[in-house]
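**Student:** Could you have a look at this structure, given as structure tokens, before my questions?
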Amino acid sequence: MNDAVPSAAASAVASAAVAARLDHPAAGALARRHRWRWFEALPWIAAVAFYFAFPDYLGFGAELLIAILFALSLDLALGYAGIITLGHAAFFGAGAYTVGLLAFHDIWTEPVSSLVIAALVAAAVGLASGLVLLRTRGLTLLMLTLCTMALLQEAANMAHDVTGGFDGLPSLPIAPVFGRFEFNPLYADTQYLFSLGVLAACFFGVRTLVYSPFGQSLTGIRENLLRMHAVGSPVQRRLLVCYAISAGVAGIAGGLWAQTNAYVNLSALDLDRAATVLIILILGGYGRLYGAFVGALAYMLLSHFLAKVYPTAWQLGLGLMLVTIALFARNGILGIGEALARRLRGARRNSG
Amino acid sequence: MINGIDIASMILGGLSAGTVLFIVSVGLSVTMGLMGFVNLAHGAFAMVGGYVIVLAMNRLHVDFAAALALGFVATAALSIVLERALYRRLYRANELDQVLFTIGLIFIFIAAITLVVGPDSQTLQLPPSLEGQLNLGFMRYRTYSIFLIAVGLMIVSGIWLVFERTRLGAQIRATVDNRRMAESLGINVGRLFTVTFAFGSGMAALGGGLGAEFLGLDPQYALKYLVYFLIAVSVGGLGSVTGVYCASLLIGTLDFVLKLYLPKGGTMFIYALTILLLLWRPQGLFGRRDA
């Protein structure tokens with residue numbers, strides 16, 4: 001969607017000049033960057049169509065929507081701010097355990113406000129860990145995010161009396177949505193629509209954020225850290241805020257996961273989960289909002305239908321796919337699509 | 001009441017576990033320091049080597065030493081092929097691509113082992129000469145643990161000698177310090193990478209085989225112990241052989257002692273310690289800030 005992204009300073013200057021010189025092609029392109037395009041309606045149309053077309057698969061659908069939301073949260077940190085993390089499941093787990101503990105001990109079972117609390121707790125974890133972790137880069141950052149997640153998992157394992165340890169917290173009571181719509185794994189349609197609503201709300205939030213000057217400065221930090229320091233951007237603070245927001249969204253995904261499954265266990269904080277969300281995002285294409293949608297759809301479909309029948313073949317195929325993407329298609333499925341579209345357009349221009 | 005013998009046996013147990021950690025991780029440290037490559041699939045080489053060693057002993061009845069040599073050579077050969085064909089293309093790529101590529105390799109290895117050998121855990125049958133107890137004068141302890149500690153000492157001094165006293169070692173140190181300068185002095189950096197990568201993978205294979213006795217060996221090995229290998233390398237400092245040795249022994253001993261006294265929270269303590277250490281010294285205990 002957007003290849004050449006200017007620095008924050010440039011975009012600030014541009015937005016000041018937009019009013020005066022919208023007729024200039026460059027200024028016009030900048031001002032129009034965030035406008036809605038026709039294809040952005042497609043995922044939502046597809047999601048609603050899915051509801052009517054596959055009433056038997058709504059449980060799977062909710063799972064898919066949660067995967068999209070989790071991948072979207074990672075996209076904010078990894079795709080936009082360039083924070084390479086192997087421990088994003090830490091925040092997923094923080095959100096899941098927040099919802100789980102509140103429900104299991106009968107403190108708070110209302111689903112919408114539970115998710116808000118989950119987001120706040122996960123964001124607080126993100127803020128606290130980000131304060132120390134984000135001072136590092138590269139391999140050290142990778143290791144620290146990994147260790148933080150492992151630390152949380154061990155803590156959850158150890159606090160057996162509160163968290164249920166290895167067995168987790170089973171059969172969570174979740175109150176009806178808005179006090180009316182029954183919410184448990186027997187009511188897959190409520191779960192699907194609720195998840196869709198939460199995803200839509202979060203997506204609009206993330207989209208607005210990404211196209212805001214704040215989002216632009218994140219891209220600037222990813223592309224050229226030195227220059228962002230030089231133009232006086234508060235790099236550290238921006239990264240920290242982005243990390244916390246990303247953690248909050250991941251927390252919502254985790255909370256939603258706990259609600260729809262009506263249980264929480266240690267798998268919420270697993271390296272497997274962190275690796276899977278990374279794979280989903282890269283598969284779809286990172287730093288482009290819709291990569292999370294495409295990647296989650298491709299991954300979940302393949303794993304749902306293949307992994308159960310041929311688990312080993314699925315693992316082999318997944319490995320080959322990752323190696324191929326890393327070597328040849330660094331922008332994922334969406335990147336391949338964009339390259340094809342560019343080539344088609346070029347061919348048409350040449351022939352015409 | 002803890003007496004001296006208990007403490008000594010705890011330390012010996014920890015040191016032997018740490019030695020295995022060192023033998024597996026040393027190659028990872030050198031390749032990461034030398035090439036700046038985040039090779040998460042290093043544990044997969046240890047797994048492949050371990051399988052070659054254990055299967056050679058169990059099914060072909062090769063003796064222990066020959067099986068170890070076979071594992072080293074086979075894994076090193078496999079790693080040369082992979083390095084020449086695939087790894088090479090990603091040396092200049094960013095960490096994300098390297099992480100993704102090596103995670104993919106892990107999955108491929110896990111699936112391949114499951115398909116070829118099966119999902120069950122393999123057990124290593126020690127040769128009779130290494131079983132039983134050894135009289136140390138003041139106490140008796142498992143012969144195999146003492147053997148491991150001795151092998152580890154031999155390996156670390158061998159690698160140290162190569163690093164400090166040979167032309168190859170000088171070339172490696174020069175390339176870790178400043179790759180472009182080393183290249184312009186006529187050092188064949190590409191060949192150096194291949195040689196060290198193969199050697200590191202071969203060492204990992206030895207570690208996989210030697211540690212199979214108490215770490216077990218199943219297709220999930222490559223993922224299960226990955227965090228430990230990475231911690232040993234990043235705590236020790238990238239590219240520092242003595243650093244990884246000290247860090248591995250430290251982690252091994254801590255893990256051993258903590259598992260005895262805090263069977264539940266021991267691992268958590270190691271993670272917390274690693275985080276604190278990396279925040280204090282991002283380059284690790286023995287790494288240099290500029291390297």
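To be explicit about the labels: the chains of the structure tokens are called A, B, and onward in the order shown, and within each one the residues are counted from 1, while ligands get numbers from 1 in the order they are shown.
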Phe101 of chain B: which residues within 9 Å, counting only C-alpha atoms, same-chain residues fewer than 3 positions away excluded, as a list in words?
**Tutor:**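 Counting only C-alpha atoms, the residues come to Gly319, Leu322, Val323, Thr324, Ile325, Ala326 and Leu327 of chain A; Asn39, Leu40, Ala41, Tyr87, Leu90, Leu96, Asp97, Gln98, Gly104, Leu105 and Ile106 of chain B.
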**Student:** Just the selected residues (C-alpha atoms), exported as a PDB file, in the first residue's frame, please.
**Tutor:**
ATOM      1  CA  GLY A 319       8.551 -25.469   7.504  1.00  0.00           C
ATOM      2  CA  LEU A 322       8.538 -20.504   6.013  1.00  0.00           C
ATOM      3  CA  VAL A 323      11.900 -21.197   4.412  1.00  0.00           C
ATOM      4  CA  THR A 324      10.531 -20.240   1.002  1.00  0.00           C
ATOM      5  CA  ILE A 325       9.018 -17.022   2.320  1.00  0.00           C
ATOM      6  CA  ALA A 326      12.209 -16.045   4.131  1.00  0.00           C
ATOM      7  CA  LEU A 327      14.319 -16.713   1.051  1.00  0.00           C
TER       8      LEU A 327
ATOM      9  CA  ASN B  39      20.405 -19.487  13.986  1.00  0.00           C
ATOM     10  CA  LEU B  40      17.473 -20.825  15.981  1.00  0.00           C
ATOM     11  CA  ALA B  41      17.870 -24.147  14.147  1.00  0.00           C
ATOM     12  CA  TYR B  87      22.056 -19.952   4.966  1.00  0.00           C
ATOM     13  CA  LEU B  90      20.477 -14.684   4.374  1.00  0.00           C
ATOM     14  CA  LEU B  96      13.330 -11.259  11.214  1.00  0.00           C
ATOM     15  CA  ASP B  97      14.029 -13.182   8.011  1.00  0.00           C
ATOM     16  CA  GLN B  98      16.744 -15.186   9.750  1.00  0.00           C
ATOM     17  CA  GLY B 104      11.053 -23.127   9.272  1.00  0.00           C
ATOM     18  CA  LEU B 105      14.146 -25.344   9.325  1.00  0.00           C
ATOM     19  CA  ILE B 106      13.265 -26.527  12.842  1.00  0.00           C
TER      20      ILE B 106
END
**Student:** Distance table requested - chain A against chain B, cut-off 7 Å, only C-alpha atoms: one row per qualifying residue with the closest atom pair and its distance in Å to one decimal, ordered by chain and rising residue number, as CSV.
**Tutor:**
residue,atom,partner,partner_atom,distance
A:Ile84,CA,B:Leu96,CA,6.8
A:Thr140,CA,B:Pro282,CA,6.2
A:Leu144,CA,B:Ile275,CA,6.0
A:Cys147,CA,B:Tyr271,CA,5.6
A:Leu151,CA,B:Met268,CA,5.4
A:Glu154,CA,B:Met268,CA,5.5
A:Ala155,CA,B:Met268,CA,6.8
A:Met158,CA,B:Lys264,CA,5.9
A:Thr312,CA,B:Ala111,CA,5.3
A:Gln315,CA,B:Phe107,CA,5.7
A:Leu316,CA,B:Ile108,CA,4.8
A:Leu318,CA,B:Gly104,CA,6.9
A:Gly319,CA,B:Gly104,CA,3.9
A:Leu320,CA,B:Gly104,CA,6.3
A:Leu322,CA,B:Gly104,CA,4.9
A:Val323,CA,B:Phe101,CA,4.7
A:Ala326,CA,B:Asp97,CA,5.2
**Student:** List the neighbours of segment 2-13 of chain B out to 12 Å using only C-alpha atoms; skip same-chain residues closer than 5 positions along the sequence, and give me the result as a ChimeraX atom specification.
**Tutor:** /B:18-20,136-150,214,249-261
**Student:** Please write the residues from the selection above to a file, keeping C-alpha atoms, as a compact mmCIF listing (two decimals), in the first residue's frame.
**Tutor:**
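For reference, again-v4.txt as written:
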# COMPACT_ATOMS: atom_id res chain seq x y z
CA GLY B 18 26.46 -27.48 32.09
CA THR B 19 29.13 -29.23 30.04
CA VAL B 20 26.52 -30.69 27.71
CA LEU B 136 37.19 -39.84 43.56
CA GLY B 137 39.09 -40.38 46.79
CA PHE B 138 36.80 -38.35 49.02
CA MET B 139 33.54 -39.60 47.52
CA ARG B 140 32.06 -41.78 44.80
CA TYR B 141 30.20 -40.30 41.86
CA ARG B 142 28.70 -41.36 38.54
CA THR B 143 31.44 -42.21 36.08
CA TYR B 144 29.54 -40.76 33.13
CA SER B 145 29.21 -37.32 34.78
CA ILE B 146 32.94 -37.21 35.51
CA PHE B 147 33.59 -38.33 31.92
CA LEU B 148 31.40 -35.49 30.60
CA ILE B 149 33.18 -32.88 32.71
CA ALA B 150 36.57 -34.15 31.50
CA PHE B 214 19.66 -37.35 30.64
CA LEU B 249 28.54 -24.26 33.74
CA LEU B 250 26.87 -21.50 35.74
CA ILE B 251 23.43 -22.14 34.25
CA GLY B 252 23.84 -25.91 34.50
CA THR B 253 24.79 -25.75 38.17
CA LEU B 254 22.09 -23.20 39.03
CA ASP B 255 19.47 -25.26 37.23
CA PHE B 256 20.57 -28.46 38.95
CA VAL B 257 20.63 -26.94 42.43
CA LEU B 258 17.40 -25.00 41.99
CA LYS B 259 15.54 -28.03 40.67
CA LEU B 260 16.46 -29.86 43.87
CA TYR B 261 15.41 -27.14 46.26
**Student:** Counting only C-alpha atoms, what is within 8 Å of segment 180-186 of chain B, bar same-chain residues fewer than 4 positions away, as a PyMOL selection string?
**Tutor:** chain B and resi 171+174-175
**Student:** Report as a ChimeraX atom specification all protein, DNA and RNA residues lying within 10 Å of Ala65 of chain B, evaluated on only C-alpha atoms, omitting residues in the same chain fewer than 6 positions from it.
**Tutor:** /B:53,57,71,127
**Student:** Can those selected residues be exported to a file as a PDB file, in the first residue's frame so that it contains C-alpha atoms?
**Tutor:**
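Written output follows (again_8.pdb):
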ATOM      1  CA  ILE B  53      24.730 -41.309  17.365  1.00  0.00           C
ATOM      2  CA  MET B  57      24.675 -47.517  18.606  1.00  0.00           C
ATOM      3  CA  GLY B  71      27.483 -38.136  14.367  1.00  0.00           C
ATOM      4  CA  PRO B 127      28.987 -48.504  27.203  1.00  0.00           C
TER       5      PRO B 127
END
